[in-house]
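Peer 1: So here's run_27.tsv, just TSV, C-alpha atoms:
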```
chain	number	residue	atom	x	y	z
A	1	MET	CA	-9.11	2.79	14.41
A	2	TYR	CA	-5.49	1.64	14.27
A	3	SER	CA	-3.88	0.00	11.24
A	4	GLY	CA	-1.67	-3.13	11.19
A	5	ASN	CA	2.10	-3.06	11.54
A	6	LEU	CA	2.69	0.70	11.37
A	7	LYS	CA	0.13	1.40	14.11
A	8	ILE	CA	-0.94	4.69	12.65
A	9	GLU	CA	-4.35	5.98	13.50
A	10	ILE	CA	-6.67	5.93	10.51
A	11	GLU	CA	-10.24	6.69	9.61
A	12	LEU	CA	-12.39	4.94	7.00
A	13	ARG	CA	-14.99	7.32	5.63
A	14	PRO	CA	-16.96	8.23	2.51
A	15	ALA	CA	-15.01	10.57	0.25
A	16	GLY	CA	-15.96	14.23	0.12
A	17	ALA	CA	-15.44	16.86	-2.55
A	18	SER	CA	-12.22	18.04	-0.90
A	19	ASP	CA	-10.68	14.58	-1.46
A	20	LEU	CA	-10.93	14.74	-5.27
A	21	GLN	CA	-7.44	16.03	-6.02
A	22	LYS	CA	-5.81	13.79	-3.40
A	23	ILE	CA	-7.47	10.74	-4.96
A	24	ILE	CA	-6.49	11.79	-8.49
A	25	ASP	CA	-2.88	12.12	-7.31
A	26	LEU	CA	-2.87	8.80	-5.42
A	27	ASP	CA	-4.51	6.95	-8.33
A	28	ALA	CA	-1.93	8.42	-10.72
A	29	ARG	CA	0.81	7.18	-8.42
A	30	VAL	CA	-0.69	3.70	-8.12
A	31	SER	CA	-1.82	3.18	-11.73
A	32	GLY	CA	0.65	5.41	-13.57
A	33	LEU	CA	-2.28	7.14	-15.33
A	34	LYS	CA	-3.66	10.62	-14.67
A	35	LYS	CA	-7.45	10.32	-15.10
A	36	LYS	CA	-8.83	13.64	-13.94
A	37	ASN	CA	-12.05	13.52	-16.02
A	38	TYR	CA	-12.81	9.99	-14.83
A	39	TRP	CA	-12.58	11.03	-11.20
A	40	VAL	CA	-14.63	14.20	-11.73
A	41	ASP	CA	-17.37	12.00	-13.28
A	42	ARG	CA	-17.19	9.55	-10.41
A	43	PHE	CA	-17.53	12.34	-7.85
A	44	GLN	CA	-20.54	13.71	-9.77
A	45	ASN	CA	-22.10	10.23	-9.65
A	46	LEU	CA	-21.75	10.29	-5.87
A	47	ASN	CA	-24.25	13.14	-5.79
A	48	ASN	CA	-26.53	11.80	-8.52
A	49	LYS	CA	-26.75	8.10	-7.64
A	50	ASP	CA	-27.80	6.68	-4.27
A	51	ALA	CA	-25.83	3.44	-4.60
A	52	SER	CA	-22.52	4.96	-5.69
A	53	HIS	CA	-19.62	4.93	-3.24
A	54	ILE	CA	-16.09	6.22	-2.88
A	55	ILE	CA	-14.57	5.25	0.46
A	56	VAL	CA	-11.16	6.44	1.60
A	57	VAL	CA	-8.64	5.54	4.28
A	58	GLU	CA	-7.32	8.73	5.81
A	59	SER	CA	-4.38	9.03	8.16
A	60	LEU	CA	-5.08	10.70	11.48
A	61	ASP	CA	-1.43	10.39	12.45
A	62	PRO	CA	-0.03	13.85	13.37
A	63	ALA	CA	2.93	13.33	11.03
A	64	HIS	CA	0.71	12.50	8.04
A	65	SER	CA	-2.53	14.12	9.06
A	66	LYS	CA	-5.32	14.14	6.46
A	67	GLU	CA	-3.24	12.15	3.98
A	68	ILE	CA	-5.37	9.81	1.84
A	69	LEU	CA	-3.72	6.38	2.05
A	70	GLY	CA	-6.18	4.43	-0.04
A	71	PHE	CA	-9.53	4.46	-1.84
A	72	ILE	CA	-12.15	2.12	-3.23
A	73	VAL	CA	-14.85	3.00	-5.74
A	74	GLY	CA	-17.99	1.19	-6.77
A	75	GLU	CA	-21.72	1.24	-7.26
A	76	VAL	CA	-24.68	-1.10	-7.30
A	77	ARG	CA	-25.87	-1.95	-10.79
A	78	ALA	CA	-29.03	-3.90	-11.49
A	79	TRP	CA	-30.24	-6.12	-14.27
A	80	GLU	CA	-27.41	-5.52	-16.71
A	81	PHE	CA	-27.32	-8.63	-18.91
A	82	GLY	CA	-29.89	-10.24	-16.60
A	83	SER	CA	-27.77	-9.83	-13.46
A	84	ARG	CA	-29.59	-9.19	-10.20
A	85	PRO	CA	-28.56	-6.07	-8.21
A	86	CYS	CA	-24.85	-6.44	-7.68
A	87	GLY	CA	-22.11	-4.25	-6.20
A	88	TRP	CA	-19.44	-3.42	-8.76
A	89	ILE	CA	-15.97	-2.38	-7.68
A	90	PHE	CA	-14.40	-0.12	-10.31
A	91	ALA	CA	-11.13	0.74	-8.65
A	92	ILE	CA	-9.08	0.21	-5.53
A	93	GLY	CA	-5.75	1.75	-4.69
A	94	VAL	CA	-3.47	1.88	-1.65
A	95	SER	CA	-0.43	4.10	-1.40
A	96	PRO	CA	2.70	2.03	-2.15
A	97	ASP	CA	4.15	3.38	1.15
A	98	TYR	CA	1.35	1.79	3.15
A	99	ARG	CA	0.88	-1.61	1.54
A	100	VAL	CA	0.49	-4.85	3.55
A	101	GLN	CA	-1.16	-2.95	6.40
A	102	GLY	CA	-4.62	-4.37	5.74
A	103	PHE	CA	-5.97	-1.10	4.29
A	104	GLY	CA	-7.16	-2.81	1.09
A	105	GLU	CA	-9.06	-5.38	3.13
A	106	LYS	CA	-10.64	-2.69	5.31
A	107	LEU	CA	-11.73	-0.76	2.20
A	108	PHE	CA	-13.11	-3.94	0.63
A	109	ASP	CA	-15.09	-4.79	3.79
A	110	ALA	CA	-16.42	-1.22	4.02
A	111	ILE	CA	-17.72	-1.16	0.45
A	112	CYS	CA	-19.25	-4.64	0.89
A	113	GLN	CA	-21.20	-3.29	3.87
A	114	ALA	CA	-22.31	-0.28	1.83
A	115	PHE	CA	-23.46	-2.51	-1.05
A	116	LYS	CA	-25.36	-4.75	1.37
A	117	LYS	CA	-27.20	-1.73	2.73
A	118	ASP	CA	-28.07	-0.84	-0.88
A	119	GLY	CA	-29.68	-4.27	-1.33
A	120	ALA	CA	-26.92	-6.08	-3.23
A	121	ASN	CA	-26.26	-9.74	-2.43
A	122	SER	CA	-23.06	-10.14	-4.42
A	123	ILE	CA	-20.03	-8.14	-5.46
A	124	ARG	CA	-18.22	-8.13	-8.79
A	125	THR	CA	-15.15	-6.63	-10.39
A	126	MET	CA	-13.13	-6.97	-13.60
A	127	ILE	CA	-9.36	-7.33	-13.68
A	128	ALA	CA	-6.79	-7.77	-16.41
A	129	ARG	CA	-5.68	-11.43	-16.54
A	130	ARG	CA	-2.07	-10.43	-16.06
A	131	ASP	CA	-2.71	-8.05	-13.15
A	132	GLN	CA	-1.56	-10.52	-10.51
A	133	LEU	CA	-1.40	-7.96	-7.70
A	134	ASN	CA	-5.09	-7.03	-7.87
A	135	MET	CA	-6.21	-10.50	-8.92
A	136	SER	CA	-4.51	-12.06	-5.89
A	137	PHE	CA	-5.92	-9.36	-3.63
A	138	PHE	CA	-9.52	-9.98	-4.69
A	139	ARG	CA	-9.02	-13.76	-4.57
A	140	ALA	CA	-7.77	-13.39	-1.00
A	141	GLN	CA	-11.02	-11.62	-0.15
A	142	GLY	CA	-12.87	-14.76	-1.26
A	143	MET	CA	-13.83	-13.65	-4.78
A	144	MET	CA	-14.10	-16.40	-7.40
A	145	GLY	CA	-14.83	-16.54	-11.12
A	146	GLY	CA	-18.45	-15.52	-11.64
A	147	PRO	CA	-21.17	-16.65	-14.03
A	148	PHE	CA	-20.31	-14.03	-16.69
A	149	ILE	CA	-17.39	-13.90	-19.12
A	150	GLU	CA	-16.09	-10.61	-20.47
A	151	LEU	CA	-15.89	-10.58	-24.29
A	152	GLU	CA	-14.39	-7.94	-26.50
A	153	LYS	CA	-13.45	-7.20	-30.09
A	154	SER	CA	-11.02	-4.72	-31.56
A	155	LEU	CA	-12.68	-1.99	-33.61
A	156	ARG	CA	-9.52	-1.00	-35.43
B	1	MET	CA	-9.28	-29.73	-17.23
B	2	LYS	CA	-7.44	-32.47	-15.38
B	3	LEU	CA	-4.12	-32.08	-13.60
B	4	GLN	CA	-1.56	-34.88	-13.73
B	5	LYS	CA	-1.51	-37.27	-10.79
B	6	ALA	CA	1.86	-36.00	-9.48
B	7	THR	CA	0.56	-32.41	-9.59
B	8	GLN	CA	-2.57	-33.33	-7.67
B	9	TYR	CA	-0.53	-35.18	-5.07
B	10	GLY	CA	1.84	-32.23	-4.80
B	11	LEU	CA	-1.05	-29.83	-4.19
B	12	TYR	CA	-2.62	-32.14	-1.59
B	13	ALA	CA	0.68	-32.49	0.25
B	14	VAL	CA	1.74	-28.86	0.21
B	15	LEU	CA	-1.73	-27.62	1.21
B	16	GLU	CA	-2.03	-30.22	3.97
B	17	LEU	CA	1.36	-29.14	5.36
B	18	ALA	CA	0.69	-25.41	4.90
B	19	ARG	CA	-2.55	-25.78	6.87
B	20	ASP	CA	-0.40	-26.01	10.01
B	21	PRO	CA	3.25	-25.05	9.39
B	22	SER	CA	4.28	-26.26	12.86
B	23	CYS	CA	2.99	-29.75	12.13
B	24	GLN	CA	5.16	-32.58	10.75
B	25	LEU	CA	3.51	-35.26	8.66
B	26	SER	CA	4.94	-38.36	7.00
B	27	ALA	CA	4.22	-39.39	3.41
B	28	ILE	CA	2.11	-42.22	4.87
B	29	ASP	CA	0.03	-39.80	7.02
B	30	ILE	CA	-0.82	-37.70	3.98
B	31	ALA	CA	-1.28	-40.67	1.62
B	32	ASP	CA	-3.71	-42.33	4.06
B	33	LYS	CA	-5.78	-39.17	4.37
B	34	TYR	CA	-6.18	-38.78	0.58
B	35	GLY	CA	-6.27	-42.49	-0.26
B	36	ILE	CA	-3.28	-42.27	-2.59
B	37	SER	CA	-0.06	-44.23	-3.11
B	38	SER	CA	2.53	-43.40	-0.40
B	39	ASN	CA	5.39	-44.44	-2.70
B	40	HIS	CA	4.30	-42.03	-5.39
B	41	LEU	CA	3.69	-39.33	-2.78
B	42	ALA	CA	7.17	-39.81	-1.29
B	43	LYS	CA	8.66	-39.02	-4.71
B	44	VAL	CA	6.41	-35.97	-5.03
B	45	LEU	CA	7.46	-34.75	-1.57
B	46	ARG	CA	11.12	-34.99	-2.61
B	47	ASP	CA	10.32	-32.76	-5.60
B	48	LEU	CA	8.57	-30.29	-3.28
B	49	GLY	CA	11.62	-30.38	-1.00
B	50	ARG	CA	13.99	-29.64	-3.89
B	51	ALA	CA	11.75	-26.67	-4.80
B	52	GLY	CA	12.08	-25.37	-1.21
B	53	LEU	CA	8.40	-25.67	-0.37
B	54	VAL	CA	8.79	-28.38	2.28
B	55	ASP	CA	11.57	-29.51	4.63
B	56	SER	CA	12.15	-33.11	5.51
B	57	VAL	CA	12.73	-33.89	9.17
B	58	ARG	CA	14.76	-37.04	9.71
B	59	GLY	CA	14.63	-39.51	12.56
B	60	ALA	CA	11.90	-40.96	14.74
B	61	GLY	CA	8.76	-38.87	14.48
B	62	GLY	CA	10.23	-37.21	11.42
B	63	GLY	CA	8.34	-36.30	8.31
B	64	TYR	CA	7.73	-33.20	6.27
B	65	ARG	CA	7.02	-29.63	7.27
B	66	PHE	CA	5.89	-26.63	5.22
B	67	ALA	CA	8.90	-24.37	4.63
B	68	SER	CA	7.63	-21.44	2.60
B	69	ASN	CA	5.23	-18.49	2.75
B	70	ALA	CA	1.62	-19.56	2.15
B	71	LYS	CA	0.67	-15.95	1.38
B	72	ARG	CA	3.17	-15.80	-1.48
B	73	VAL	CA	3.18	-19.26	-3.05
B	74	THR	CA	0.46	-19.70	-5.67
B	75	LEU	CA	-1.15	-22.88	-6.95
B	76	MET	CA	0.64	-22.16	-10.24
B	77	ASP	CA	4.02	-22.21	-8.47
B	78	VAL	CA	3.28	-25.74	-7.26
B	79	ILE	CA	1.84	-26.91	-10.58
B	80	ASN	CA	4.91	-25.65	-12.46
B	81	ILE	CA	7.09	-28.06	-10.46
B	82	PHE	CA	5.29	-31.03	-11.99
B	83	GLU	CA	3.88	-30.02	-15.36
B	84	ASP	CA	3.70	-27.33	-18.00
B	85	LEU	CA	0.17	-26.03	-18.37
B	86	GLY	CA	1.02	-24.46	-21.69
B	87	GLY	CA	0.43	-20.91	-22.80
B	88	GLU	CA	1.23	-18.91	-25.88
B	89	GLY	CA	4.24	-20.29	-27.71
B	90	SER	CA	4.51	-23.40	-25.57
B	91	GLY	CA	4.52	-26.89	-27.03
B	92	ALA	CA	5.81	-28.05	-30.38
B	93	SER	CA	4.23	-26.28	-33.31
B	94	GLU	CA	2.91	-28.36	-36.15
B	95	ALA	CA	2.54	-27.64	-39.85
B	96	SER	CA	-1.24	-27.53	-39.43
B	97	ASP	CA	-0.87	-24.58	-36.99
B	98	ASP	CA	0.04	-22.42	-39.97
B	99	THR	CA	-3.30	-22.84	-41.73
B	100	ASP	CA	-6.24	-20.45	-41.27
B	101	ILE	CA	-8.19	-23.01	-39.25
B	102	GLY	CA	-5.08	-24.05	-37.31
B	103	ARG	CA	-4.38	-20.42	-36.37
B	104	ALA	CA	-8.00	-19.81	-35.31
B	105	LEU	CA	-8.02	-22.94	-33.15
B	106	LEU	CA	-4.70	-21.96	-31.58
B	107	LYS	CA	-6.16	-18.57	-30.68
B	108	VAL	CA	-9.03	-20.24	-28.81
B	109	CYS	CA	-6.66	-22.68	-27.05
B	110	ASN	CA	-4.37	-19.80	-26.04
B	111	GLU	CA	-7.36	-17.95	-24.56
B	112	ILE	CA	-8.21	-20.98	-22.43
B	113	ASP	CA	-4.56	-21.40	-21.38
B	114	GLU	CA	-4.32	-17.75	-20.36
B	115	ILE	CA	-7.45	-17.98	-18.20
B	116	THR	CA	-6.16	-21.19	-16.61
B	117	GLN	CA	-2.81	-19.61	-15.80
B	118	ALA	CA	-4.36	-16.40	-14.49
B	119	THR	CA	-6.63	-18.42	-12.20
B	120	PHE	CA	-3.96	-20.71	-10.76
B	121	GLY	CA	-1.47	-17.83	-10.62
B	122	SER	CA	-3.75	-15.62	-8.54
B	123	ILE	CA	-4.71	-18.11	-5.85
B	124	THR	CA	-2.14	-18.45	-3.10
B	125	LEU	CA	-2.00	-21.46	-0.79
B	126	GLY	CA	-3.19	-19.14	2.00
B	127	THR	CA	-6.17	-17.99	-0.05
B	128	LEU	CA	-7.19	-21.55	-0.89
B	129	LEU	CA	-6.94	-22.61	2.75
B	130	LYS	CA	-9.05	-19.59	3.71
B	131	ILE	CA	-11.89	-20.23	1.27
B	132	MET	CA	-12.34	-23.95	2.03
```
I'd like the structure from this file rewritten - as structure tokens, please.
Peer 2:
Amino acid sequence: MYSGNLKIEIELRPAGASDLQKIIDLDARVSGLKKKNYWVDRFQNLNNKDASHIIVVESLDPAHSKEILGFIVGEVRAWEFGSRPCGWIFAIGVSPDYRVQGFGEKLFDAICQAFKKDGANSIRTMIARRDQLNMSFFRAQGMMGGPFIELEKSLR
Amino acid sequence: MKLQKATQYGLYAVLELARDPSCQLSAIDIADKYGISSNHLAKVLRDLGRAGLVDSVRGAGGGYRFASNAKRVTLMDVINIFEDLGGEGSGASEASDDTDIGRALLKVCNEIDEITQATFGSITLGTLLKIM
């Protein structure tokens, strides 16, 4: 498969154990937060839960071979707060060097297909109101406000 | 919520033009399609032109053409040309805002404003045209 403008050869595939550190590093670069324990848990879930997915975009370009350019993470959750089985996206990240190449869209489409196979008919995510980059991305994929509202209260 | 008439007209016009950036449409073409006043729309189109979102083409067969990037311009960008949708700290404060009930009500209104702004600010013209 070839990407958009840069025309580098890429592969979309489920993440494997050897991708863990690369994803931790890329996520830290994208989000500014190092979340090693979170990612270790997510990789453990991959083995323990059938409907859990981490999909990566990997470069097959000789100059950047085996570099992880992006990732998406999610799982199907059922009947939480009365919601029918639904695919949840927890995180998506694309290397800042490879943005606007359509990688995010490819990752989104791939996880939608995986959720469909798992029996989900809808997809959901949660984004900070002021996170315009991700909010605009998911809107551009056709996502709209859903039937649930997130509520929270400070415990301090 | 209800947008002001000029804002609605502005969104109709800019979206209609962004649908096909190579196409030129007059104020009358757009007004006829949406059943709105062409005089009012002409004024709105001038505002959109001053904001750099549309170009006017003079002469016979002239009209307006979309002049921006539909993947970058959000609904909020267009709305801001015509009205202020509020947000924390906007609008004149009143003495009653400084009471316990006034503060609690303001908090709820600010929550609604923030959601409104986040929604309009995250939908580009391109996205809206795609999901129709």
Peer 1: For Lys130 in chain B, which residue out of B:Val78, B:Ala70, B:Leu25, B:Ile112 is the nearest one, using all atoms listed in the file?
Peer 2: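 Looking at the shortest contact to Lys130 in chain B, the residue is B:Ala70.
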Peer 1: For chain A, report every residue with an atom at most 9 Å from chain B (counting only C-alpha atoms), formatted as a VMD selection string.
Peer 2: chain A and resid 129 to 142 145
Peer 1: Quick one: residues within 12 Å of range 29-34 of chain B, all atoms listed in the file, excluding same-chain residues fewer than 2 positions away - as a tab-separated table (two decimals) with C-alpha atoms, keeping the file's coordinate frame?
Peer 2:
```tsv
chain	number	residue	atom	x	y	z
B	8	GLN	CA	-2.57	-33.33	-7.67
B	9	TYR	CA	-0.53	-35.18	-5.07
B	10	GLY	CA	1.84	-32.23	-4.80
B	11	LEU	CA	-1.05	-29.83	-4.19
B	12	TYR	CA	-2.62	-32.14	-1.59
B	13	ALA	CA	0.68	-32.49	0.25
B	14	VAL	CA	1.74	-28.86	0.21
B	15	LEU	CA	-1.73	-27.62	1.21
B	16	GLU	CA	-2.03	-30.22	3.97
B	17	LEU	CA	1.36	-29.14	5.36
B	23	CYS	CA	2.99	-29.75	12.13
B	24	GLN	CA	5.16	-32.58	10.75
B	25	LEU	CA	3.51	-35.26	8.66
B	26	SER	CA	4.94	-38.36	7.00
B	27	ALA	CA	4.22	-39.39	3.41
B	36	ILE	CA	-3.28	-42.27	-2.59
B	37	SER	CA	-0.06	-44.23	-3.11
B	38	SER	CA	2.53	-43.40	-0.40
B	39	ASN	CA	5.39	-44.44	-2.70
B	40	HIS	CA	4.30	-42.03	-5.39
B	41	LEU	CA	3.69	-39.33	-2.78
B	42	ALA	CA	7.17	-39.81	-1.29
B	43	LYS	CA	8.66	-39.02	-4.71
B	44	VAL	CA	6.41	-35.97	-5.03
B	45	LEU	CA	7.46	-34.75	-1.57
B	61	GLY	CA	8.76	-38.87	14.48
B	62	GLY	CA	10.23	-37.21	11.42
B	63	GLY	CA	8.34	-36.30	8.31
B	64	TYR	CA	7.73	-33.20	6.27
B	65	ARG	CA	7.02	-29.63	7.27
```
Peer 1: Find the spatial neighbours of range 82-90 of chain A, counting only C-alpha atoms, within a cut-off of 12 Å - ignore same-chain residues fewer than 3 positions away - and output them as a PyMOL selection string.
Peer 2: chain A and resi 38-39+42+51-55+71-79+93+107-127+134+138+143+146-148
Peer 1: A:Val40, A:Ile8, A:Ile149, A:Ala15: which is nearest Asp61 in chain A, counting all atoms listed in the file?
Peer 2: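 Looking at the shortest contact to Asp61 in chain A, the residue is A:Ile8.
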Peer 1: Could you give me, as a PyMOL selection string, the residues that have an atom at most 9 Å away from the point (-0.9, 12.2, -9.6) in the coordinates of the file, using all atoms listed in the file?
Peer 2: chain A and resi 21-30+32-35
Peer 1: Mind pulling up the distance from CA of Ile92 in chain A to CA of Pro62 in chain A?
Peer 2: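 So the two atoms, CA of Pro62 in chain A and CA of Ile92 in chain A, lie 25.0 Å apart.
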Peer 1: In Å, how far is it from CA of Leu75 in chain B to CA of Leu48 in chain B?
Peer 2: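 Between these atoms lies a distance of 12.8 Å.
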Peer 1: Pick out the residues sitting within 7 Å of Phe66 in chain B, and hand them over as a list in words; count all atoms listed in the file, and ignore anything fewer than 3 positions along from it in its own chain.
Peer 2: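 The residues that qualify are Val14, Leu17, Ala18, Pro21, Leu53, Val54 and Asp55 of chain B.
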Peer 1: CA of Asn37 in chain A to CA of Glu11 in chain A: how many Å, to one decimal?
Peer 2: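 Computed distance, CA of Asn37 in chain A to CA of Glu11 in chain A, equals 26.6 Å.
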Peer 1: Ranking A:Ser31, A:Lys36, A:Glu150, A:His64 by minimum distance to Val94 in chain A and counting only C-alpha atoms, which one comes first?
Peer 2: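 Selected residue with least distance to Val94 in chain A: A:Ser31.
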